[in-house]
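Source file data_36.cif; content: mmCIF, C-alpha atoms and all ligand atoms.
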```cif
data_protein
#
loop_
_atom_site.label_atom_id
_atom_site.label_comp_id
_atom_site.auth_asym_id
_atom_site.auth_seq_id
_atom_site.Cartn_x
_atom_site.Cartn_y
_atom_site.Cartn_z
CA MET M 1 -17.76 1.70 -15.10
CA ARG M 2 -18.81 -1.32 -13.03
CA THR M 3 -19.23 -1.20 -9.28
CA LEU M 4 -19.39 -3.62 -6.36
CA LYS M 5 -19.72 -3.20 -2.62
CA VAL M 6 -17.93 -4.80 0.29
CA SER M 7 -19.93 -4.72 3.52
CA THR M 8 -18.33 -5.83 6.73
CA GLY M 9 -19.99 -5.30 10.13
CA GLU M 10 -18.31 -1.94 10.57
CA GLN M 11 -18.08 -0.46 7.10
CA THR M 12 -19.21 -0.56 3.52
CA TYR M 13 -16.91 0.51 0.73
CA PRO M 14 -17.12 0.61 -3.06
CA ILE M 15 -15.03 -1.16 -5.68
CA LEU M 16 -14.99 0.86 -8.91
CA ILE M 17 -13.75 -0.90 -12.06
CA GLY M 18 -13.33 0.86 -15.39
CA ARG M 19 -11.08 2.80 -17.74
CA ASP M 20 -9.41 6.20 -17.27
CA LEU M 21 -10.79 6.67 -13.77
CA TYR M 22 -8.09 8.70 -11.99
CA ALA M 23 -9.44 12.10 -13.07
CA ARG M 24 -12.46 11.42 -10.86
CA LEU M 25 -10.47 10.66 -7.70
CA PRO M 26 -11.00 14.14 -6.14
CA GLU M 27 -14.77 13.76 -6.52
CA TRP M 28 -14.76 10.21 -5.06
CA LEU M 29 -12.47 11.16 -2.18
CA ARG M 30 -14.79 14.04 -1.27
CA SER M 31 -17.76 11.66 -1.41
CA ARG M 32 -15.95 9.47 1.15
CA GLY M 33 -15.43 12.48 3.43
CA ILE M 34 -11.83 13.24 2.44
CA GLY M 35 -11.56 16.91 1.48
CA PRO M 36 -8.48 18.89 0.33
CA ASP M 37 -7.65 19.78 3.95
CA ARG M 38 -6.43 16.18 4.43
CA PRO M 39 -2.81 15.33 3.47
CA LEU M 40 -2.48 12.46 1.00
CA MET M 41 0.56 10.19 0.73
CA LEU M 42 0.86 8.34 -2.55
CA VAL M 43 2.82 5.09 -2.14
CA THR M 44 3.94 3.30 -5.28
CA ASP M 45 6.89 1.34 -6.69
CA THR M 46 9.72 2.10 -9.08
CA HIS M 47 7.90 0.59 -12.09
CA VAL M 48 4.44 1.99 -11.50
CA GLY M 49 5.36 5.46 -10.18
CA PRO M 50 6.88 6.77 -13.43
CA LEU M 51 3.97 5.33 -15.45
CA TYR M 52 0.96 6.39 -13.37
CA GLY M 53 2.07 8.52 -10.41
CA GLU M 54 1.32 11.83 -12.11
CA LYS M 55 -2.00 10.55 -13.52
CA VAL M 56 -3.11 10.07 -9.90
CA ALA M 57 -1.39 13.01 -8.20
CA GLY M 58 -2.07 15.59 -10.97
CA PRO M 59 -5.88 15.78 -10.69
CA LEU M 60 -5.66 15.69 -6.89
CA ARG M 61 -3.22 18.61 -6.75
CA ALA M 62 -5.34 20.50 -9.26
CA ALA M 63 -8.29 20.02 -6.89
CA GLY M 64 -6.28 21.52 -4.01
CA TYR M 65 -4.99 18.41 -2.24
CA ARG M 66 -1.45 18.28 -0.83
CA VAL M 67 0.08 15.04 -2.15
CA GLY M 68 3.36 13.52 -0.94
CA GLU M 69 4.95 10.67 -2.89
CA ALA M 70 7.02 7.70 -1.77
CA SER M 71 8.29 4.85 -3.89
CA VAL M 72 9.67 1.41 -3.00
CA PRO M 73 11.77 -0.85 -5.23
CA ALA M 74 9.49 -2.95 -7.46
CA GLY M 75 9.15 -6.58 -6.37
CA GLU M 76 8.15 -8.89 -3.55
CA SER M 77 11.24 -8.14 -1.44
CA SER M 78 9.77 -4.70 -0.72
CA LYS M 79 7.05 -6.29 1.40
CA SER M 80 9.39 -5.95 4.37
CA LEU M 81 9.70 -4.24 7.75
CA GLU M 82 12.65 -2.28 6.32
CA GLN M 83 10.52 -0.71 3.59
CA LEU M 84 7.70 -0.14 6.08
CA SER M 85 10.08 1.76 8.34
CA ARG M 86 11.33 3.83 5.41
CA LEU M 87 7.75 4.74 4.46
CA VAL M 88 7.00 5.77 8.06
CA GLU M 89 10.01 8.09 7.90
CA GLU M 90 8.84 9.54 4.59
CA GLY M 91 5.36 10.02 6.02
CA LEU M 92 6.68 11.89 9.04
CA ARG M 93 8.93 14.10 6.94
CA PHE M 94 6.06 14.93 4.58
CA GLY M 95 3.78 15.85 7.49
CA LEU M 96 1.36 12.96 7.25
CA ASP M 97 -0.70 13.30 10.41
CA ARG M 98 -3.74 11.52 11.81
CA GLN M 99 -5.92 13.32 9.27
CA GLY M 100 -3.78 11.84 6.50
CA VAL M 101 -4.77 9.24 3.92
CA VAL M 102 -2.50 6.74 2.14
CA LEU M 103 -3.05 6.05 -1.57
CA ALA M 104 -1.65 2.64 -2.59
CA LEU M 105 -0.86 2.73 -6.31
CA GLY M 106 0.50 -0.55 -7.65
CA GLY M 107 0.16 -4.30 -7.51
CA GLY M 108 -0.33 -6.53 -4.50
CA VAL M 109 3.09 -5.70 -3.07
CA VAL M 110 2.35 -1.98 -2.84
CA GLY M 111 -1.25 -2.63 -1.75
CA ASP M 112 -0.23 -4.94 1.11
CA LEU M 113 2.70 -2.77 2.21
CA ALA M 114 0.99 0.63 1.97
CA GLY M 115 -2.14 -0.88 3.51
CA PHE M 116 -0.09 -2.05 6.48
CA LEU M 117 1.53 1.38 6.67
CA ALA M 118 -1.99 2.84 6.92
CA ALA M 119 -3.06 0.22 9.48
CA SER M 120 -0.14 0.98 11.78
CA TYR M 121 0.79 4.65 11.16
CA MET M 122 -0.15 6.66 14.26
CA ARG M 123 -2.29 3.59 15.15
CA GLY M 124 -4.27 3.67 11.95
CA ILE M 125 -5.27 6.08 9.19
CA PRO M 126 -7.48 5.48 6.13
CA PHE M 127 -6.18 4.27 2.79
CA VAL M 128 -7.35 3.86 -0.79
CA GLN M 129 -6.43 0.95 -3.05
CA LEU M 130 -5.48 1.84 -6.63
CA PRO M 131 -4.60 -1.60 -8.09
CA THR M 132 -2.54 -1.76 -11.29
CA THR M 133 -2.04 -5.52 -11.74
CA LEU M 134 -4.56 -8.17 -12.63
CA LEU M 135 -3.63 -10.05 -9.49
CA ALA M 136 -4.46 -7.00 -7.40
CA HIS M 137 -8.19 -7.48 -8.14
CA ASP M 138 -7.71 -9.92 -5.24
CA SER M 139 -5.21 -8.10 -3.01
CA SER M 140 -6.97 -4.72 -3.13
CA VAL M 141 -10.24 -6.14 -1.76
CA GLY M 142 -10.77 -7.50 1.73
CA GLY M 143 -8.34 -5.62 3.96
CA LYS M 144 -5.60 -8.20 4.48
CA VAL M 145 -2.47 -6.04 4.66
CA GLY M 146 1.03 -6.86 5.81
CA VAL M 147 4.63 -7.75 5.08
CA ASN M 148 6.65 -10.96 4.77
CA HIS M 149 9.16 -12.53 7.13
CA PRO M 150 11.93 -14.91 6.00
CA LEU M 151 10.21 -17.64 8.04
CA GLY M 152 6.71 -17.02 6.73
CA LYS M 153 4.66 -15.19 4.14
CA ASN M 154 2.49 -12.27 5.38
CA VAL M 155 3.09 -13.19 9.02
CA ILE M 156 3.25 -9.54 10.10
CA GLY M 157 0.03 -7.78 9.25
CA ALA M 158 -3.46 -6.62 10.06
CA PHE M 159 -7.01 -6.49 8.81
CA HIS M 160 -7.56 -2.91 7.65
CA GLN M 161 -10.25 -2.26 5.05
CA PRO M 162 -9.66 0.43 2.40
CA LEU M 163 -11.92 3.46 2.04
CA MET M 164 -12.49 2.41 -1.55
CA VAL M 165 -10.91 0.45 -4.40
CA VAL M 166 -10.49 2.22 -7.73
CA PHE M 167 -9.32 -0.25 -10.38
CA ASP M 168 -8.36 1.65 -13.53
CA VAL M 169 -7.98 -1.24 -15.94
CA SER M 170 -6.27 1.01 -18.54
CA THR M 171 -3.11 0.53 -16.44
CA LEU M 172 -3.00 -3.16 -17.38
CA ARG M 173 -1.79 -2.26 -20.89
CA THR M 174 1.78 -1.88 -19.58
CA LEU M 175 1.80 -5.00 -17.41
CA PRO M 176 4.58 -7.45 -18.38
CA ARG M 177 3.33 -10.73 -19.87
CA ARG M 178 4.55 -12.83 -16.90
CA GLU M 179 2.50 -10.65 -14.52
CA VAL M 180 -0.59 -10.91 -16.73
CA VAL M 181 -0.32 -14.70 -16.57
CA SER M 182 0.41 -14.63 -12.83
CA GLY M 183 -2.66 -12.47 -12.18
CA TYR M 184 -4.95 -14.99 -13.84
CA ALA M 185 -4.02 -17.54 -11.15
CA GLU M 186 -6.13 -15.67 -8.59
CA VAL M 187 -8.94 -15.14 -11.12
CA VAL M 188 -8.94 -18.90 -11.76
CA LYS M 189 -8.83 -19.46 -7.99
CA HIS M 190 -11.99 -17.39 -7.52
CA ALA M 191 -13.74 -19.49 -10.16
CA LEU M 192 -12.53 -22.81 -8.76
CA ILE M 193 -13.63 -22.04 -5.20
CA ALA M 194 -17.07 -20.66 -5.91
CA ASP M 195 -18.33 -20.60 -9.48
CA ALA M 196 -18.05 -23.52 -11.92
CA SER M 197 -19.77 -21.58 -14.72
CA PHE M 198 -17.22 -18.76 -14.35
CA ALA M 199 -14.52 -21.49 -14.66
CA ASP M 200 -16.11 -22.66 -17.95
CA TRP M 201 -16.27 -19.09 -19.21
CA LEU M 202 -12.58 -18.56 -18.34
CA LEU M 203 -11.62 -21.74 -20.20
CA ARG M 204 -13.58 -20.69 -23.30
CA ASN M 205 -12.07 -17.19 -23.32
CA SER M 206 -8.52 -17.75 -22.07
CA GLU M 207 -6.71 -16.63 -25.22
CA ARG M 208 -8.73 -13.42 -25.53
CA LEU M 209 -8.25 -12.77 -21.81
CA LEU M 210 -4.49 -13.27 -22.17
CA ARG M 211 -4.55 -10.70 -24.99
CA LEU M 212 -6.24 -8.35 -22.48
CA GLU M 213 -9.31 -7.65 -24.60
CA PRO M 214 -10.75 -4.80 -22.52
CA SER M 215 -14.39 -5.80 -22.09
CA LEU M 216 -13.51 -9.42 -21.31
CA VAL M 217 -10.80 -8.44 -18.83
CA GLU M 218 -13.24 -6.13 -17.04
CA GLU M 219 -15.75 -8.98 -16.88
CA ALA M 220 -13.11 -11.32 -15.40
CA ILE M 221 -11.97 -8.74 -12.84
CA TRP M 222 -15.55 -7.93 -11.90
CA ASN M 223 -16.37 -11.59 -11.34
CA GLY M 224 -13.20 -12.19 -9.31
CA CYS M 225 -13.94 -9.13 -7.15
CA ARG M 226 -17.60 -10.17 -6.82
CA ILE M 227 -16.64 -13.57 -5.41
CA LYS M 228 -14.03 -12.08 -3.09
CA ALA M 229 -16.40 -9.35 -1.88
CA GLU M 230 -19.14 -11.90 -1.14
CA VAL M 231 -16.79 -14.00 0.99
CA VAL M 232 -15.21 -11.07 2.84
CA SER M 233 -18.61 -9.53 3.52
CA GLN M 234 -19.65 -12.74 5.31
CA ASP M 235 -16.42 -13.35 7.23
CA GLU M 236 -14.08 -10.36 7.37
CA ARG M 237 -11.58 -11.82 9.87
CA GLU M 238 -11.35 -15.41 8.60
CA ALA M 239 -13.28 -16.98 11.48
CA GLY M 240 -14.32 -19.71 9.04
CA LEU M 241 -15.58 -19.23 5.47
CA ARG M 242 -12.88 -16.76 4.38
CA ALA M 243 -10.27 -19.54 4.52
CA ILE M 244 -11.58 -20.73 1.13
CA LEU M 245 -9.82 -17.71 -0.43
CA ASN M 246 -6.60 -19.40 0.65
CA TYR M 247 -7.05 -22.24 -1.87
CA GLY M 248 -3.63 -23.12 -3.28
CA HIS M 249 -1.83 -20.97 -0.73
CA THR M 250 -0.56 -23.59 1.75
CA ILE M 251 1.87 -24.92 -0.86
CA GLY M 252 2.10 -21.59 -2.74
CA HIS M 253 3.20 -19.56 0.27
CA ALA M 254 5.69 -22.26 1.29
CA LEU M 255 7.23 -22.12 -2.19
CA GLU M 256 7.48 -18.33 -2.08
CA ALA M 257 9.13 -18.30 1.36
CA ALA M 258 11.46 -21.20 0.51
CA SER M 259 12.65 -19.30 -2.57
CA GLY M 260 13.41 -16.21 -0.48
CA TYR M 261 10.48 -14.41 -2.18
CA ALA M 262 12.42 -14.34 -5.41
CA GLY M 263 12.00 -17.63 -7.25
CA LEU M 264 8.44 -17.48 -8.48
CA THR M 265 5.55 -15.03 -8.49
CA HIS M 266 2.66 -15.27 -6.03
CA GLY M 267 0.31 -16.35 -8.81
CA GLU M 268 2.69 -19.07 -10.02
CA GLY M 269 2.96 -20.42 -6.47
CA VAL M 270 -0.82 -20.40 -6.05
CA ALA M 271 -1.29 -22.17 -9.40
CA ILE M 272 1.04 -25.02 -8.39
CA GLY M 273 -0.56 -25.03 -4.94
CA MET M 274 -4.05 -25.49 -6.40
CA VAL M 275 -2.87 -28.48 -8.44
CA GLY M 276 -1.26 -29.88 -5.27
CA ALA M 277 -4.46 -29.38 -3.27
CA ALA M 278 -6.48 -31.11 -5.99
CA MET M 279 -4.02 -34.03 -5.96
CA LEU M 280 -4.33 -34.23 -2.20
CA ALA M 281 -8.14 -34.28 -2.37
CA GLU M 282 -8.11 -37.12 -4.91
CA ALA M 283 -5.50 -39.05 -2.89
CA LEU M 284 -7.51 -38.69 0.32
CA GLY M 285 -10.65 -39.72 -1.54
CA THR M 286 -12.56 -36.53 -0.69
CA ALA M 287 -12.99 -35.54 -4.36
CA ARG M 288 -12.87 -37.15 -7.81
CA ASP M 289 -11.90 -35.71 -11.19
CA VAL M 290 -10.52 -32.41 -9.94
CA VAL M 291 -6.82 -32.61 -10.90
CA GLU M 292 -7.21 -32.72 -14.67
CA PRO M 293 -9.82 -29.92 -15.00
CA THR M 294 -7.74 -27.75 -12.65
CA LYS M 295 -4.60 -28.32 -14.72
CA ARG M 296 -6.46 -27.73 -17.99
CA LEU M 297 -7.77 -24.36 -16.82
CA LEU M 298 -4.39 -23.23 -15.44
CA GLN M 299 -2.58 -24.37 -18.58
CA ALA M 300 -5.08 -22.45 -20.70
CA PHE M 301 -3.62 -19.37 -19.00
CA HIS M 302 -0.04 -20.63 -19.46
CA LEU M 303 0.36 -21.05 -15.69
CA PRO M 304 2.72 -23.67 -14.23
CA VAL M 305 1.16 -26.91 -12.99
CA HIS M 306 4.25 -28.65 -11.72
CA LEU M 307 7.39 -27.87 -9.75
CA ALA M 308 10.48 -27.23 -11.84
CA GLY M 309 13.94 -27.35 -10.25
CA GLU M 310 15.11 -28.38 -6.80
CA TRP M 311 12.84 -27.77 -3.80
CA PRO M 312 13.82 -28.69 -0.22
CA GLU M 313 11.03 -31.00 0.96
CA GLU M 314 11.72 -30.70 4.70
CA LYS M 315 11.80 -26.92 4.53
CA LEU M 316 8.52 -26.81 2.58
CA LEU M 317 6.87 -29.06 5.18
CA GLU M 318 8.16 -26.92 8.04
CA LEU M 319 6.77 -23.80 6.35
CA MET M 320 3.40 -25.54 5.81
CA ARG M 321 3.23 -26.54 9.49
CA ARG M 322 3.56 -22.82 10.29
CA ASP M 323 0.93 -21.75 7.76
CA LYS M 324 -1.63 -19.38 9.32
CA LYS M 325 -4.44 -21.91 8.88
CA ALA M 326 -2.53 -24.59 10.83
CA ARG M 327 -3.25 -25.17 14.50
CA GLY M 328 -0.62 -26.65 16.81
CA GLY M 329 1.57 -27.54 13.85
CA VAL M 330 -1.16 -29.74 12.31
CA TYR M 331 -1.40 -29.27 8.54
CA ALA M 332 -4.49 -27.53 7.18
CA PHE M 333 -5.35 -27.31 3.49
CA VAL M 334 -8.23 -25.90 1.50
CA LEU M 335 -9.28 -28.86 -0.65
CA PRO M 336 -11.65 -28.99 -3.63
CA GLU M 337 -14.89 -30.94 -3.30
CA ARG M 338 -15.59 -30.40 -7.00
CA ILE M 339 -14.90 -27.62 -9.51
CA GLY M 340 -16.55 -24.54 -7.98
CA SER M 341 -16.51 -25.71 -4.37
CA VAL M 342 -13.78 -26.09 -1.73
CA ARG M 343 -13.53 -26.48 2.04
CA LEU M 344 -10.90 -26.22 4.76
CA VAL M 345 -9.63 -29.61 5.96
CA ARG M 346 -7.49 -29.99 9.07
CA GLY M 347 -5.26 -32.89 10.03
CA ILE M 348 -3.85 -33.79 6.61
CA PRO M 349 -1.33 -36.66 7.03
CA GLU M 350 2.26 -35.59 6.34
CA GLU M 351 2.90 -38.64 4.18
CA ALA M 352 0.12 -37.62 1.79
CA ILE M 353 1.67 -34.15 1.43
CA ARG M 354 5.11 -35.64 0.76
CA ARG M 355 3.64 -37.79 -2.02
CA VAL M 356 1.95 -34.76 -3.57
CA LEU M 357 5.18 -32.73 -3.49
CA ARG M 358 6.98 -35.58 -5.28
CA ARG M 359 4.16 -35.88 -7.82
CA LEU M 360 4.28 -32.13 -8.44
CA LYS M 361 8.03 -32.41 -9.09
CA SER M 362 7.65 -35.29 -11.49
CA GLY M 363 5.18 -33.29 -13.56
N1 LIG M 401 -3.97 -8.90 0.61
C1 LIG M 401 -4.46 -9.87 -0.13
O1 LIG M 401 -5.61 -10.30 0.05
C2 LIG M 401 -3.64 -10.46 -1.23
C3 LIG M 401 -4.25 -11.25 -2.21
C4 LIG M 401 -3.46 -11.75 -3.23
C5 LIG M 401 -2.12 -11.46 -3.28
N2 LIG M 401 -1.56 -10.68 -2.32
C6 LIG M 401 -0.14 -10.30 -2.38
O2 LIG M 401 0.08 -9.61 -3.59
C7 LIG M 401 1.46 -9.70 -3.92
C8 LIG M 401 1.63 -9.96 -5.40
O3 LIG M 401 1.05 -8.88 -6.11
P1 LIG M 401 1.34 -8.66 -7.65
O4 LIG M 401 1.30 -9.95 -8.36
O5 LIG M 401 0.46 -7.57 -8.10
O6 LIG M 401 2.87 -8.26 -7.67
P2 LIG M 401 3.63 -6.84 -7.69
O7 LIG M 401 2.92 -5.85 -6.89
O8 LIG M 401 5.04 -7.14 -7.34
O9 LIG M 401 3.53 -6.43 -9.22
C9 LIG M 401 4.16 -7.24 -10.17
C10 LIG M 401 5.16 -6.44 -11.04
O10 LIG M 401 4.44 -5.66 -11.97
C11 LIG M 401 4.83 -4.28 -11.88
N3 LIG M 401 3.66 -3.52 -12.22
C12 LIG M 401 2.56 -3.36 -11.45
N4 LIG M 401 1.60 -2.74 -12.15
C13 LIG M 401 2.12 -2.47 -13.37
C14 LIG M 401 1.60 -1.86 -14.53
N5 LIG M 401 0.34 -1.46 -14.62
N6 LIG M 401 2.42 -1.72 -15.59
C15 LIG M 401 3.71 -2.18 -15.54
N7 LIG M 401 4.23 -2.81 -14.47
C16 LIG M 401 3.44 -2.94 -13.40
C17 LIG M 401 5.35 -4.14 -10.48
O11 LIG M 401 6.23 -3.05 -10.38
C18 LIG M 401 6.04 -5.47 -10.27
O12 LIG M 401 7.31 -5.45 -10.86
C19 LIG M 401 2.03 -10.80 -3.06
O13 LIG M 401 2.83 -10.26 -2.06
C20 LIG M 401 0.81 -11.47 -2.47
O14 LIG M 401 1.06 -12.04 -1.21
C21 LIG M 401 -2.30 -10.17 -1.30
O1 LIG M 402 -8.08 -12.54 1.22
C1 LIG M 402 -7.82 -13.67 1.64
O2 LIG M 402 -8.32 -14.11 2.69
C2 LIG M 402 -6.90 -14.54 0.89
O3 LIG M 402 -6.52 -15.60 1.38
C3 LIG M 402 -6.47 -14.07 -0.46
C4 LIG M 402 -5.12 -14.59 -0.89
O4 LIG M 402 -5.12 -14.61 -2.30
C5 LIG M 402 -3.96 -13.69 -0.47
O5 LIG M 402 -2.77 -14.16 -1.03
C6 LIG M 402 -3.80 -13.44 1.02
O6 LIG M 402 -2.85 -12.43 1.24
C7 LIG M 402 -3.34 -14.65 1.78
O7 LIG M 402 -3.56 -14.42 3.11
P1 LIG M 402 -2.77 -15.16 4.28
O8 LIG M 402 -3.63 -14.90 5.47
O9 LIG M 402 -2.67 -16.61 3.91
O10 LIG M 402 -1.44 -14.53 4.37
ZN ZN M 403 -3.13 -14.97 -3.02
#
```

Before we go any further, please render this structure as structure tokens.
Ligand SMILES: NC(=O)c1ccc[n+]([C@@H]2O[C@H](COP(=O)([O-])OP(=O)(O)OC[C@H]3O[C@@H](n4cnc5c(N)ncnc54)[C@H](O)[C@@H]3O)[C@@H](O)[C@H]2O)c1
Ligand SMILES: O=C(O)C(=O)C[C@@H](O)[C@H](O)[C@H](O)COP(=O)(O)O
Ligand SMILES: [Zn+2]
Amino acid sequence: MRTLKVSTGEQTYPILIGRDLYARLPEWLRSRGIGPDRPLMLVTDTHVGPLYGEKVAGPLRAAGYRVGEASVPAGESSKSLEQLSRLVEEGLRFGLDRQGVVLALGGGVVGDLAGFLAASYMRGIPFVQLPTTLLAHDSSVGGKVGVNHPLGKNVIGAFHQPLMVVFDVSTLRTLPRREVVSGYAEVVKHALIADASFADWLLRNSERLLRLEPSLVEEAIWNGCRIKAEVVSQDEREAGLRAILNYGHTIGHALEAASGYAGLTHGEGVAIGMVGAAMLAEALGTARDVVEPTKRLLQAFHLPVHLAGEWPEEKLLELMRRDKKARGGVYAFVLPERIGSVRLVRGIPEEAIRRVLRRLKSG
């Protein structure tokens, strides 16, 4: 098992990465001060629950914990106020009180939704992240929790750090191929923003990583979590530095919202968004030779690098003006300086973004 730590001003919590870890949850919960007198509510989705729900709940019940279970429909549309409200109802019926703890078992959708449940339920109770997708190496770390709104991605949410992150990588065996590919977008993002040698390593090992060779996948997840943990530990609430984790997300989030959270996965949107940001940097003259290496790395993981189909330009621009990094409707993008380094740039001219959107469409 590999471990990492996230240290914000107020708390420090562990990230545990390894195989067949759920049997040790009772021991780790107790070490974090959560004994069997505390009610636990396991939140999962309709794909993950039948596969791994019992693997999590079984050892906890055997150790004397009372475990309630709630499941949401699999997919991005469950990151909604409606599902949040349903989970609150399930929590109340189960008897989840202020001593309670939420266990988020699933990908980023469950992690963000159940995390926001924990952040808001009775004004805040603890939660544990149990990620089951590759992409969730990102979403389970750092405490950004929330739900979507038709007019903007993640616009209802909070910062609420988990008690711990337990990433049992054995769960990745059942992940559909499209979600494996999608998850690598955020791994690639972590390399592109902070670690050029990790980017080289990813390029050299892409085929083995796509085949989910266990030791390599663990190495990739560990490195992605390491980079994320370092950034979050320096700037928990995105006062400055943390914005670099949003590389590729100005365009990516606009694409997700414009498609009604149904057209493409988060990772696919981020992949296209990173190519767009690299194009923007080259067009504005703030970086050279970033588009081709970015595309090469994404394509090595079979990720999309251009926009297929019809996309409403005006709507995308409107969504980007409302992006959380924007101020007063002025566009803000995280742009590459070179492979392994990015920075937040405000005041991007609209015409430059239009040209990039057209270039992304033309392939
Ligand atoms: N909070 C953050 O910092 C952060 C970071 C990155 C992404 N996100 C959010 O994460 C979400 C995307 O997460 P995701 O890509 O994990 O999607 P997801 O949670 O929808 O999971 C993808 C699909 O895989 C299924 N699945 C999950 N684990 C499985 C397993 N082990 N075996 C079989 N099927 C499994 C799910 O049921 C779902 O159908 C987005 O909403 C995005 O905004 C948040
Ligand atoms: O943790 C962060 O900070 C990130 O930006 C990580 C992103 O990968 C993630 O998608 C996050 O949810 C986006 O945050 P948002 O504030 O742009 O909604
Ligand atoms: Zn993301």

State, in Å with one decimal place, the distance from atom O11 of ligand LIG 401 (chain M) to CA of Gly248 (chain M).
->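 Interatomic distance, atom O11 of ligand LIG 401 (chain M) to CA of Gly248 (chain M): 23.5 Å.
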
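Every residue having at least one atom no farther than 7 Å from ligand ZN 403 (chain M) is included below, with only C-alpha atoms and all ligand atoms taken into account: Glu186, Asn246, His249, His266, Gly267 and Val270 of chain M.
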
Selection: 10 Å around Leu357 (chain M), all atoms listed in the file, excl. self and same-chain fewer than 3 positions, as a PyMOL selection string | chain M and resi 251+273+276+279-280+306-307+311+313+316-317+351-354+360-362

Could you name the residues that touch Val110 (chain M) at 7 Å or less, counting only C-alpha atoms, but leaving out those on the same chain fewer than 5 positions away, as a PDB file with C-alpha atoms, keeping the file's coordinate frame?
```pdb
ATOM      1  CA  THR M  44       3.940   3.300  -5.280  1.00  0.00           C
ATOM      2  CA  ASP M  45       6.890   1.340  -6.690  1.00  0.00           C
ATOM      3  CA  ALA M 104      -1.650   2.640  -2.590  1.00  0.00           C
ATOM      4  CA  LEU M 105      -0.860   2.730  -6.310  1.00  0.00           C
TER       5      LEU M 105
END
```

Show me which residues sit within 6 Å of ligand LIG 401 (chain M) when counting only C-alpha atoms and all ligand atoms, and put them as a list in words.
->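 Those residues are Asp45, His47, Val48, Ala74, Gly75, Glu76, Gly106, Gly107, Gly108, Val109, Val110, Asp112, Thr132, Thr133, Leu135, Ala136, Asp138, Ser139, Lys144, Val145, Thr171, Leu172, Thr174, Leu175, Glu179 and His266 of chain M.
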
Can you work out which one of M:Leu216, M:Val155, M:Ala287, M:Val330 has the shortest atom-to-atom distance to ligand LIG 402 (chain M), counting all atoms listed in the file?
->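 Selected residue with least distance to ligand LIG 402 (chain M): M:Val155.
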
Could you tell me which of M:Ser77, M:Ala308, M:Leu40, M:Arg327 comes closest to Arg358 (chain M) if we count only C-alpha atoms?
->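 The closest residue to Arg358 (chain M) is M:Ala308.
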
Excluding same-chain residues fewer than 4 positions from Met1 (chain M), what lies within 9 Å of it counting all atoms listed in the file, as an NGL selection string?
-> :M and (16-19 or 21)

Pull C-alpha atoms from the residues just selected and write them as a tab-separated table (two decimals), keeping the file's coordinate frame.
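again39.tsv, freshly written:
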```
chain	number	residue	atom	x	y	z
M	16	LEU	CA	-14.99	0.86	-8.91
M	17	ILE	CA	-13.75	-0.90	-12.06
M	18	GLY	CA	-13.33	0.86	-15.39
M	19	ARG	CA	-11.08	2.80	-17.74
M	21	LEU	CA	-10.79	6.67	-13.77
```

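Residue nearest ligand LIG 402 (chain M), chosen from M:Arg98, M:His149, M:Lys228, M:Arg346 and counting all atoms listed in the file: M:Lys228.
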
Region 128-145 of chain M, all listed atoms, 4 Å padding on each side: what axis-aligned box centre and edge lengths in Å to one decimal come out, as lines of an AutoDock Vina configuration file?
```
center_x = -6.4
center_y = -3.1
center_z = -4.0
size_x = 16.7
size_y = 21.9
size_z = 25.3
```

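Within 8 Å of region 162-169 of chain M, once only C-alpha atoms are used and residues closer than 5 positions along the same chain are dropped, the contacting residues are Tyr13, Pro14, Ile15, Leu16, Ile17, Gly18, Arg19, Asp20, Leu21, Tyr22, Arg32, Gly115, Pro126, Phe127, Val128, Gln129, Leu130, Pro131, Thr132, His137, Ser140, Val141, Gly143, Pro214 and Glu218 of chain M.
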
Using only C-alpha atoms, which residues sit within 8 Å of Ile244 (chain M) once same-chain residues fewer than 5 positions away are excluded, as a list in words?
->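 Near neighbours after the sequence-gap exclusion: Ile193, Val334, Val342, Arg343 and Leu344 of chain M.
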
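Between ligand LIG 402 (chain M) and the residues M:Ser31, M:Ser206, M:Ser85, M:Gln161, the shortest atom-to-atom distance, using all atoms listed in the file, involves M:Gln161.
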
Would you work out the distance separating CA of Val187 (chain M) from CA of Ser259 (chain M), expressed in Å to one decimal?
->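 Separating CA of Val187 (chain M) from CA of Ser259 (chain M) is a distance of 23.6 Å.
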
Pick from M:Phe159, M:Trp201, M:Tyr65, M:Tyr121 nearest to ligand LIG 402 (chain M), counting only C-alpha atoms and all ligand atoms =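 Going through M:Phe159, M:Trp201, M:Tyr65, M:Tyr121 one by one, the smallest distance to ligand LIG 402 (chain M) is for M:Phe159.
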
Interatomic distance (Å, one decimal) between CA of Val6 (chain M) and CA of Ala229 (chain M) =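 Between CA of Val6 (chain M) and CA of Ala229 (chain M) the gap is 5.3 Å.
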